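Participant: Once you've had a glance at the structure underneath, I'll fire off some questions.
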Amino acid sequence: MDKQIEIFKALSDATRLKIVWLLTNIDEKICVSEIVEVLDEHQYNVSRHLKILKKVKLVEEVKEGKWVFYYLTPIQSEFRKLIQDAIKLIPESKMQNEINKCKILLGKRDQ
């Protein structure tokens with residue numbers, strides 16, 4: 001039960017919930033600087049939130065060259081699947097500004 005409590009605690013913060021929502025809905029790896037720009041947060045705060053999400057194993061990181069990208073940890077339990085499904089139910093309208101910023105940033109990667 002402790003793991004589940006820690007996941008709920010991690011998701012009780014709006015910024016961390018937004019990070020997981022973005023990773024769930026864009027289905028793409030993103031780096032700290034992209035999250036900073038999308039959420040209009042300070043780099044320190046984003047890094048701190050990602051550290052908490054990593055600790056409860058909601059996100060993982062991969063280093064590609066000089067960049068560190070974050071992505072959702074693959075789902076390995078029914079509990080995690082239910083959490084992910086609940087997060088997907090948060091209406092896009094609540095995150096429209098963030099979605100638009102994220103699409104622009106991801107589009108710039110290909111240029």
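Every chain in the structure tokens takes a letter, A first, then B, and so on in the order presented; its residues are numbered from 1, and the ligands are numbered from 1 following the presented order.
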Taking 5 positions as the minimum chain separation for residues in the same chain, which residues sit within 10 Å of A:Lys55 when counting only C-alpha atoms? Answer as a ChimeraX atom specification.

Facilitator: /A:6-7,10,49-50,60

Participant: Selection from above, C-alpha atoms, as an mmCIF file, in the first residue's frame, can you write it?

Facilitator:
```
data_model
loop_
_atom_site.group_PDB
_atom_site.id
_atom_site.type_symbol
_atom_site.label_atom_id
_atom_site.label_comp_id
_atom_site.auth_asym_id
_atom_site.auth_seq_id
_atom_site.Cartn_x
_atom_site.Cartn_y
_atom_site.Cartn_z
ATOM 1 C CA GLU A 6 3.458 7.664 -2.601
ATOM 2 C CA ILE A 7 2.051 7.806 -6.145
ATOM 3 C CA ALA A 10 3.301 12.699 -6.034
ATOM 4 C CA HIS A 49 9.143 17.716 -9.639
ATOM 5 C CA LEU A 50 10.722 15.265 -12.081
ATOM 6 C CA GLU A 60 12.142 7.587 -16.364
#
```

Participant: Neighbouring residues of A:Glu61 were defined as those with any atom within 7 Å, considering only C-alpha atoms; residues of the same chain fewer than 5 positions away were excluded. Please report them as a short mmCIF file (atom, residue, chain, number, x, y, z; two decimals) with all heavy atoms, in the first residue's frame.

Facilitator:
```cif
data_model
loop_
_atom_site.label_atom_id
_atom_site.label_comp_id
_atom_site.auth_asym_id
_atom_site.auth_seq_id
_atom_site.Cartn_x
_atom_site.Cartn_y
_atom_site.Cartn_z
N VAL A 68 18.80 15.18 -21.77
CA VAL A 68 18.15 14.16 -20.96
C VAL A 68 16.65 14.29 -21.23
O VAL A 68 16.07 15.36 -21.03
CB VAL A 68 18.45 14.32 -19.46
CG1 VAL A 68 17.69 13.29 -18.64
CG2 VAL A 68 19.94 14.24 -19.20
N PHE A 69 16.06 13.21 -21.70
CA PHE A 69 14.64 13.21 -22.01
C PHE A 69 13.88 12.37 -20.98
O PHE A 69 14.39 11.37 -20.49
CB PHE A 69 14.40 12.63 -23.40
CG PHE A 69 14.88 13.52 -24.50
CD1 PHE A 69 16.16 13.38 -25.02
CD2 PHE A 69 14.07 14.51 -25.02
CE1 PHE A 69 16.62 14.21 -26.04
CE2 PHE A 69 14.51 15.34 -26.03
CZ PHE A 69 15.79 15.19 -26.54
N TYR A 70 12.67 12.80 -20.68
CA TYR A 70 11.82 12.12 -19.72
C TYR A 70 10.62 11.52 -20.43
O TYR A 70 10.11 12.08 -21.40
CB TYR A 70 11.35 13.11 -18.63
CG TYR A 70 12.50 13.54 -17.77
CD1 TYR A 70 13.31 14.61 -18.16
CD2 TYR A 70 12.82 12.86 -16.62
CE1 TYR A 70 14.40 14.99 -17.40
CE2 TYR A 70 13.92 13.24 -15.85
CZ TYR A 70 14.70 14.31 -16.25
OH TYR A 70 15.78 14.66 -15.51
N TYR A 71 10.20 10.37 -19.95
CA TYR A 71 9.06 9.67 -20.52
C TYR A 71 8.39 8.86 -19.42
O TYR A 71 8.97 8.64 -18.35
CB TYR A 71 9.49 8.76 -21.68
CG TYR A 71 10.48 7.69 -21.28
CD1 TYR A 71 10.05 6.41 -20.94
CD2 TYR A 71 11.85 7.96 -21.22
CE1 TYR A 71 10.96 5.44 -20.56
CE2 TYR A 71 12.76 6.99 -20.84
CZ TYR A 71 12.31 5.73 -20.52
OH TYR A 71 13.20 4.77 -20.13
#
```

Participant: Could you find all residues in chain A that DSSP calls alpha helix (DSSP H) from the backbone, and write them as a VMD selection string?

Facilitator: chain A and resid 2 to 11 14 to 26 32 to 39 43 to 55 78 to 88 96 to 109

Participant: Of the candidates A:Glu64, A:Ala86, A:Arg48, A:Ile19, which one gets nearest to A:Ile35 if we count only C-alpha atoms?

Facilitator: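 Distance minimum relative to A:Ile35 lands on A:Ile19.
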
Participant: Mind running stretch 1-83 of chain A against stretch 96-106 of chain A at 7 Å and telling me each contacting residue's nearest atom pair with the distance in Å (one decimal), counting only C-alpha atoms, chain and number ascending, as a tab-separated table?

Facilitator:
```
residue	atom	partner	partner_atom	distance
A:Glu34	CA	A:Leu105	CA	6.9
A:Val38	CA	A:Glu98	CA	5.3
A:Leu39	CA	A:Glu98	CA	6.3
```

Participant: Rounded to one decimal place, report the atom CA of A:Phe8-atom CA of A:Pro74 distance in Å.

Facilitator: 17.6 Å

Participant: Measure the distance from atom CA of A:Val46 to atom CA of A:Ile5 in Å and round it to one decimal.

Facilitator: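 Between atom CA of A:Val46 and atom CA of A:Ile5 the gap is 21.7 Å.
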
Participant: Could you tell me which of A:Ala14, A:Leu58, A:Leu72, A:Ile83 comes closest to A:Glu41 if we count only C-alpha atoms?

Facilitator: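 Between A:Ala14, A:Leu58, A:Leu72, A:Ile83, the residue approaching A:Glu41 most closely is A:Ala14.
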
Participant: Pick from A:Gln4, A:Thr73, A:Gln84, A:Ser33: nearest to A:Trp21, with only C-alpha atoms counted?

Facilitator: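 So, comparing all the options, the nearest one is A:Gln84.
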
Participant: Please run DSSP on the backbone and report, as a list in words, all residues within chain A that come out as strand (DSSP E or B).

Facilitator: Ile30, Cys31, Val59, Glu60, Glu61, Val62, Lys63, Glu64, Trp67, Val68, Phe69, Tyr70, Tyr71 and Leu72 of chain A

Participant: Generate the output file for the selected residues, C-alpha atoms, as a PDB file, in the first residue's frame.

Facilitator:
```pdb
ATOM      1  CA  ILE A  30      10.462  15.622 -23.552  1.00  0.00           C
ATOM      2  CA  CYS A  31      13.411  17.374 -21.928  1.00  0.00           C
ATOM      3  CA  VAL A  59       8.750   8.697 -15.136  1.00  0.00           C
ATOM      4  CA  GLU A  60      12.142   7.587 -16.364  1.00  0.00           C
ATOM      5  CA  GLU A  61      14.919   9.393 -18.141  1.00  0.00           C
ATOM      6  CA  VAL A  62      17.182   8.614 -21.055  1.00  0.00           C
ATOM      7  CA  LYS A  63      20.269  10.557 -22.063  1.00  0.00           C
ATOM      8  CA  GLU A  64      20.665  11.249 -25.780  1.00  0.00           C
ATOM      9  CA  TRP A  67      20.058  16.043 -23.648  1.00  0.00           C
ATOM     10  CA  VAL A  68      18.145  14.155 -20.964  1.00  0.00           C
ATOM     11  CA  PHE A  69      14.639  13.206 -22.008  1.00  0.00           C
ATOM     12  CA  TYR A  70      11.815  12.120 -19.716  1.00  0.00           C
ATOM     13  CA  TYR A  71       9.056   9.666 -20.523  1.00  0.00           C
ATOM     14  CA  LEU A  72       6.428   7.644 -18.680  1.00  0.00           C
TER      15      LEU A  72
END
```

Participant: Just the number, please: distance in Å from atom CA of A:Leu17 to atom CA of A:Gly65, one decimal.

Facilitator: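 Atom CA of A:Leu17 sits 27.8 Å away from atom CA of A:Gly65.
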
Participant: Find, counting only C-alpha atoms, the residue in A:Asp13, A:Asp85, A:Glu92, A:Asp2 that gets nearest to A:Asn45.

Facilitator: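 When distances to A:Asn45 are compared using only C-alpha atoms, the smallest one comes from A:Asp13.
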